[in-house]
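*Asks:* A single structure is presented below for examination.
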Amino acid sequence: MIIRLALIGSGTQTDPFAIDLPTFSGVVTNEATGRAFADVPVSDIPADVVAFVNAYPTFDLVTPLPVPFPQSLANAWAEYLARRYDLGNVRWHPVVF
Amino acid sequence: MKVTSYAVARPAYYDRNGATSVLVYSATDVPHAVITRATFTTATGKKAYIEMAAIFLRQETAATVVGRSFSVVRITSGTDIMDMARIDSNSSTVVNTSRVDHGVGQPTIYPGETVILRTYDGSTGGSIDYSLYAKITTFDA
């Protein structure tokens with residue numbers, strides 16, 4: 001599923017621009033707005049995040065979301081990934097942006 | 001005399017809940033900072049094989065000033081880094097100049113290890129057509 005997400009990183013070799021997810025593909029970025037499209041496995045996305053993405057479709061890397069991604073959903077997604085990958089203290093904190 | 005064994009061979013890896021992940025980056029880009037285009041992470045209880053990795057670059061429009069450009073299919077294991085495929089050289093002022101690299105072997109990716117596709121172009125002007133691929137099969141450890 002293609003989702004518009006917040007970019008992390010600074011674009012250097014030691015801190016490249018990236019998406020804060022364990023698995024994704026096909027990233028297209030806009031460093032000026034801090035946004036990127038990424039193809040994320042559906043199995044890595046909780047149903048309520050899918051519902052949010054479907055409710056607020058995005059068509060470019062500039063126009064802000066009409067409503068910010070709720071912190072409760074962000075927290076739930078992070079916990080979902082932590083359980084799914086079960087890699088100890090490794091954590092991801094993706095944000096629909 | 002009839003001899004019977006109850007020993008059963010373990011199924012091949014691709015028959016142990018095998019699943020495919022394909023990492024792809026395919027686009028034409030102007031010069032840009034270092035960007036991670038795709039990532040795969042092996043979850044606990046799984047292992048994965050990289051069955052194919054390749055990079056194809058083609059100068060789409062000529063660079064005004066050539067610069068270093070690199071693309072990698074990279075494996076990370078803790079703090080260790082190994083490039084399974086890598087192109088690291090200058091861009092070109094000649095349109096359609098191409099650069100190719102293929103990964104060799106079938107490395108195993110253990111839980112917590114990652115496979116990353118990354119690109120960079122430090123040129124001024126011009127654009128490069130990127131095609132980076134990694135085909136990965138995940139299975140029960």
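Residue numbers start at 1 in each chain; chains themselves are named A, B, ... in the order of the structure tokens; ligands are numbered from 1 in the order shown.
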Residues of chain B that have any atom at most 10 Å from an atom of chain A: could you tabulate them with the shortest-distance atom pair and the distance in Å to one decimal, using only C-alpha atoms, ordered by chain and increasing number, as a tab-separated table?
*Replies:*
residue	atom	partner	partner_atom	distance
B:Ser21	CA	A:Pro41	CA	8.9
B:Val22	CA	A:Ser25	CA	8.0
B:Leu23	CA	A:Ser25	CA	5.3
B:Val24	CA	A:Gly26	CA	5.6
B:Tyr25	CA	A:Gly26	CA	4.7
B:Ser26	CA	A:Gly26	CA	7.2
B:Ala27	CA	A:Val28	CA	8.7
B:Asp29	CA	A:Val28	CA	9.6
B:His32	CA	A:Gly11	CA	8.4
B:Ala33	CA	A:Gly11	CA	4.9
B:Val34	CA	A:Gly11	CA	4.7
B:Ile35	CA	A:Phe17	CA	4.6
B:Thr36	CA	A:Ala18	CA	5.0
B:Arg37	CA	A:Val27	CA	4.7
B:Ala38	CA	A:Ser25	CA	4.0
B:Thr39	CA	A:Thr23	CA	5.0
B:Phe40	CA	A:Thr23	CA	4.4
B:Thr41	CA	A:Pro22	CA	5.3
B:Thr42	CA	A:Tyr85	CA	7.5
B:Ala43	CA	A:Tyr85	CA	4.4
B:Thr44	CA	A:Asp86	CA	5.6
B:Gly45	CA	A:Asp86	CA	8.7
B:Lys46	CA	A:Tyr85	CA	9.5
B:Pro111	CA	A:Leu87	CA	7.4
B:Gly112	CA	A:Leu87	CA	6.3
B:Thr114	CA	A:Pro22	CA	8.3
B:Val115	CA	A:Thr23	CA	9.1
B:Ile116	CA	A:Thr23	CA	9.3
B:Leu117	CA	A:Ser25	CA	8.5
B:Arg118	CA	A:Pro16	CA	8.6
B:Thr119	CA	A:Pro16	CA	9.5
B:Tyr120	CA	A:Gln13	CA	9.0
B:Leu132	CA	A:Gly26	CA	9.5
B:Tyr133	CA	A:Ser25	CA	9.9
*Asks:* Give me every strand (DSSP E) residue in chain A, going by DSSP on the backbone, as number ranges by chain.
*Replies:* A: 2-8, 18-19, 25-30, 35-39
*Asks:* Output N, CA, C and O atoms of each residue in that selection to a file, as a PDB file, in the first residue's frame.
*Replies:*
ATOM      1  N   ILE A   2       0.606   2.175  -0.895  1.00  0.00           N
ATOM      2  CA  ILE A   2       1.430   3.385  -0.962  1.00  0.00           C
ATOM      3  C   ILE A   2       0.901   4.408   0.047  1.00  0.00           C
ATOM      4  O   ILE A   2      -0.285   4.751   0.045  1.00  0.00           O
ATOM      5  N   ILE A   3       1.797   4.866   0.895  1.00  0.00           N
ATOM      6  CA  ILE A   3       1.443   5.808   1.962  1.00  0.00           C
ATOM      7  C   ILE A   3       2.409   6.988   1.921  1.00  0.00           C
ATOM      8  O   ILE A   3       3.600   6.813   1.635  1.00  0.00           O
ATOM      9  N   ARG A   4       1.884   8.176   2.222  1.00  0.00           N
ATOM     10  CA  ARG A   4       2.763   9.345   2.340  1.00  0.00           C
ATOM     11  C   ARG A   4       3.179   9.473   3.805  1.00  0.00           C
ATOM     12  O   ARG A   4       2.342   9.590   4.699  1.00  0.00           O
ATOM     13  N   LEU A   5       4.491   9.463   4.008  1.00  0.00           N
ATOM     14  CA  LEU A   5       5.034   9.401   5.368  1.00  0.00           C
ATOM     15  C   LEU A   5       6.046  10.509   5.603  1.00  0.00           C
ATOM     16  O   LEU A   5       6.567  11.126   4.663  1.00  0.00           O
ATOM     17  N   ALA A   6       6.336  10.739   6.877  1.00  0.00           N
ATOM     18  CA  ALA A   6       7.364  11.717   7.242  1.00  0.00           C
ATOM     19  C   ALA A   6       8.753  11.143   6.962  1.00  0.00           C
ATOM     20  O   ALA A   6       9.025   9.977   7.236  1.00  0.00           O
ATOM     21  N   LEU A   7       9.606  11.997   6.397  1.00  0.00           N
ATOM     22  CA  LEU A   7      11.005  11.618   6.173  1.00  0.00           C
ATOM     23  C   LEU A   7      11.781  11.793   7.463  1.00  0.00           C
ATOM     24  O   LEU A   7      11.543  12.735   8.223  1.00  0.00           O
ATOM     25  N   ILE A   8      12.764  10.918   7.668  1.00  0.00           N
ATOM     26  CA  ILE A   8      13.719  11.130   8.746  1.00  0.00           C
ATOM     27  C   ILE A   8      15.111  11.198   8.119  1.00  0.00           C
ATOM     28  O   ILE A   8      15.301  10.852   6.958  1.00  0.00           O
ATOM     29  N   ALA A  18      15.325   8.672   4.985  1.00  0.00           N
ATOM     30  CA  ALA A  18      14.726   7.337   5.019  1.00  0.00           C
ATOM     31  C   ALA A  18      13.323   7.426   5.592  1.00  0.00           C
ATOM     32  O   ALA A  18      12.861   8.490   6.003  1.00  0.00           O
ATOM     33  N   ILE A  19      12.670   6.284   5.611  1.00  0.00           N
ATOM     34  CA  ILE A  19      11.357   6.131   6.216  1.00  0.00           C
ATOM     35  C   ILE A  19      11.534   5.310   7.483  1.00  0.00           C
ATOM     36  O   ILE A  19      12.270   4.331   7.482  1.00  0.00           O
ATOM     37  N   SER A  25       9.445   0.009   0.196  1.00  0.00           N
ATOM     38  CA  SER A  25      10.086   0.001  -1.107  1.00  0.00           C
ATOM     39  C   SER A  25       9.651   1.234  -1.894  1.00  0.00           C
ATOM     40  O   SER A  25       8.684   1.913  -1.543  1.00  0.00           O
ATOM     41  N   GLY A  26      10.410   1.528  -2.958  1.00  0.00           N
ATOM     42  CA  GLY A  26       9.997   2.540  -3.930  1.00  0.00           C
ATOM     43  C   GLY A  26       9.846   3.946  -3.391  1.00  0.00           C
ATOM     44  O   GLY A  26       8.906   4.660  -3.768  1.00  0.00           O
ATOM     45  N   VAL A  27      10.751   4.393  -2.542  1.00  0.00           N
ATOM     46  CA  VAL A  27      10.598   5.694  -1.888  1.00  0.00           C
ATOM     47  C   VAL A  27      10.884   6.851  -2.847  1.00  0.00           C
ATOM     48  O   VAL A  27      11.925   6.898  -3.503  1.00  0.00           O
ATOM     49  N   VAL A  28       9.937   7.784  -2.901  1.00  0.00           N
ATOM     50  CA  VAL A  28      10.101   9.038  -3.632  1.00  0.00           C
ATOM     51  C   VAL A  28       9.959  10.167  -2.622  1.00  0.00           C
ATOM     52  O   VAL A  28       9.000  10.185  -1.850  1.00  0.00           O
ATOM     53  N   THR A  29      10.910  11.108  -2.613  1.00  0.00           N
ATOM     54  CA  THR A  29      10.984  12.076  -1.518  1.00  0.00           C
ATOM     55  C   THR A  29      10.808  13.519  -1.973  1.00  0.00           C
ATOM     56  O   THR A  29      11.027  13.856  -3.137  1.00  0.00           O
ATOM     57  N   ASN A  30      10.429  14.349  -1.021  1.00  0.00           N
ATOM     58  CA  ASN A  30      10.524  15.801  -1.158  1.00  0.00           C
ATOM     59  C   ASN A  30      11.164  16.301   0.137  1.00  0.00           C
ATOM     60  O   ASN A  30      10.482  16.427   1.159  1.00  0.00           O
ATOM     61  N   ARG A  35       8.378  15.057   3.223  1.00  0.00           N
ATOM     62  CA  ARG A  35       7.407  13.999   2.940  1.00  0.00           C
ATOM     63  C   ARG A  35       7.961  13.023   1.905  1.00  0.00           C
ATOM     64  O   ARG A  35       8.797  13.394   1.080  1.00  0.00           O
ATOM     65  N   ALA A  36       7.433  11.791   1.938  1.00  0.00           N
ATOM     66  CA  ALA A  36       7.839  10.783   0.955  1.00  0.00           C
ATOM     67  C   ALA A  36       6.711   9.798   0.743  1.00  0.00           C
ATOM     68  O   ALA A  36       5.971   9.481   1.677  1.00  0.00           O
ATOM     69  N   PHE A  37       6.583   9.328  -0.487  1.00  0.00           N
ATOM     70  CA  PHE A  37       5.714   8.194  -0.769  1.00  0.00           C
ATOM     71  C   PHE A  37       6.536   6.918  -0.627  1.00  0.00           C
ATOM     72  O   PHE A  37       7.683   6.856  -1.091  1.00  0.00           O
ATOM     73  N   ALA A  38       5.937   5.913  -0.009  1.00  0.00           N
ATOM     74  CA  ALA A  38       6.608   4.619   0.114  1.00  0.00           C
ATOM     75  C   ALA A  38       5.577   3.515  -0.046  1.00  0.00           C
ATOM     76  O   ALA A  38       4.409   3.671   0.353  1.00  0.00           O
ATOM     77  N   ASP A  39       6.021   2.399  -0.609  1.00  0.00           N
ATOM     78  CA  ASP A  39       5.177   1.221  -0.744  1.00  0.00           C
ATOM     79  C   ASP A  39       5.434   0.334   0.477  1.00  0.00           C
ATOM     80  O   ASP A  39       6.537  -0.182   0.654  1.00  0.00           O
TER      81      ASP A  39
END
*Asks:* For Tyr13 in chain B, which of B:Val73, B:Met82, B:Ala141, B:Val104 is the closest residue, counting only C-alpha atoms?
*Replies:* B:Ala141
*Asks:* CA of Ala54 in chain B and CA of Asp101 in chain B, how far apart in Å?
*Replies:* 5.8 Å
*Asks:* Env of range 64-67 of chain B: 6 Å cut, atoms = only C-alpha atoms, seq-sep filter 3 positions within chain, self excluded. Answer as a list in words.
*Replies:*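 Using only C-alpha atoms, the neighbours found are Asn90, Ser91, Ser92, Gly122, Ser123, Thr124 and Gly125 of chain B.
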*Asks:* Residues as selected, N, CA, C and O atoms, written as a PDB file, in the first residue's frame, can you do that?
*Replies:*
ATOM      1  N   ASN B  90      31.763   8.237 -11.022  1.00  0.00           N
ATOM      2  CA  ASN B  90      31.243   9.537 -11.420  1.00  0.00           C
ATOM      3  C   ASN B  90      30.041   9.397 -12.348  1.00  0.00           C
ATOM      4  O   ASN B  90      29.906   8.407 -13.069  1.00  0.00           O
ATOM      5  N   SER B  91      29.204  10.417 -12.338  1.00  0.00           N
ATOM      6  CA  SER B  91      28.165  10.516 -13.358  1.00  0.00           C
ATOM      7  C   SER B  91      28.851  10.842 -14.688  1.00  0.00           C
ATOM      8  O   SER B  91      30.074  10.805 -14.786  1.00  0.00           O
ATOM      9  N   SER B  92      28.070  11.176 -15.705  1.00  0.00           N
ATOM     10  CA  SER B  92      28.662  11.347 -17.027  1.00  0.00           C
ATOM     11  C   SER B  92      28.042  12.551 -17.760  1.00  0.00           C
ATOM     12  O   SER B  92      26.903  12.934 -17.491  1.00  0.00           O
ATOM     13  N   GLY B 122      25.899  13.262  -6.565  1.00  0.00           N
ATOM     14  CA  GLY B 122      26.493  14.540  -6.184  1.00  0.00           C
ATOM     15  C   GLY B 122      26.851  15.417  -7.367  1.00  0.00           C
ATOM     16  O   GLY B 122      27.643  16.359  -7.225  1.00  0.00           O
ATOM     17  N   SER B 123      26.278  15.151  -8.519  1.00  0.00           N
ATOM     18  CA  SER B 123      26.550  15.955  -9.715  1.00  0.00           C
ATOM     19  C   SER B 123      25.883  17.314  -9.610  1.00  0.00           C
ATOM     20  O   SER B 123      25.074  17.579  -8.706  1.00  0.00           O
ATOM     21  N   THR B 124      26.183  18.164 -10.589  1.00  0.00           N
ATOM     22  CA  THR B 124      25.399  19.374 -10.806  1.00  0.00           C
ATOM     23  C   THR B 124      24.680  19.191 -12.139  1.00  0.00           C
ATOM     24  O   THR B 124      25.321  18.946 -13.163  1.00  0.00           O
ATOM     25  N   GLY B 125      23.373  19.297 -12.103  1.00  0.00           N
ATOM     26  CA  GLY B 125      22.591  19.131 -13.334  1.00  0.00           C
ATOM     27  C   GLY B 125      22.560  17.697 -13.819  1.00  0.00           C
ATOM     28  O   GLY B 125      23.206  16.808 -13.261  1.00  0.00           O
TER      29      GLY B 125
END
*Asks:* Report, in Å to a single decimal, how far apart CA of Arg91 in chain A and CA of Val42 in chain A are.
*Replies:*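 Between these atoms lies a distance of 18.4 Å.
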*Asks:* Which of these, B:Val95, B:Ala134, B:Ala7, B:Ile50, has the shortest distance to Val72 in chain B once you count only C-alpha atoms?
*Replies:*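 Under the stated criterion, the closest residue is B:Ala134.
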*Asks:* So, with only C-alpha atoms as the atoms that count, which of A:Asp44, A:Trp92, A:Phe97, A:Glu79 lies closest to Val67 in chain A?
*Replies:* A:Phe97
*Asks:* Grab the CA of Ile55 in chain B to CA of His102 in chain B distance for me, in Å with one decimal place.
*Replies:*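 These atoms are spaced 6.4 Å apart.
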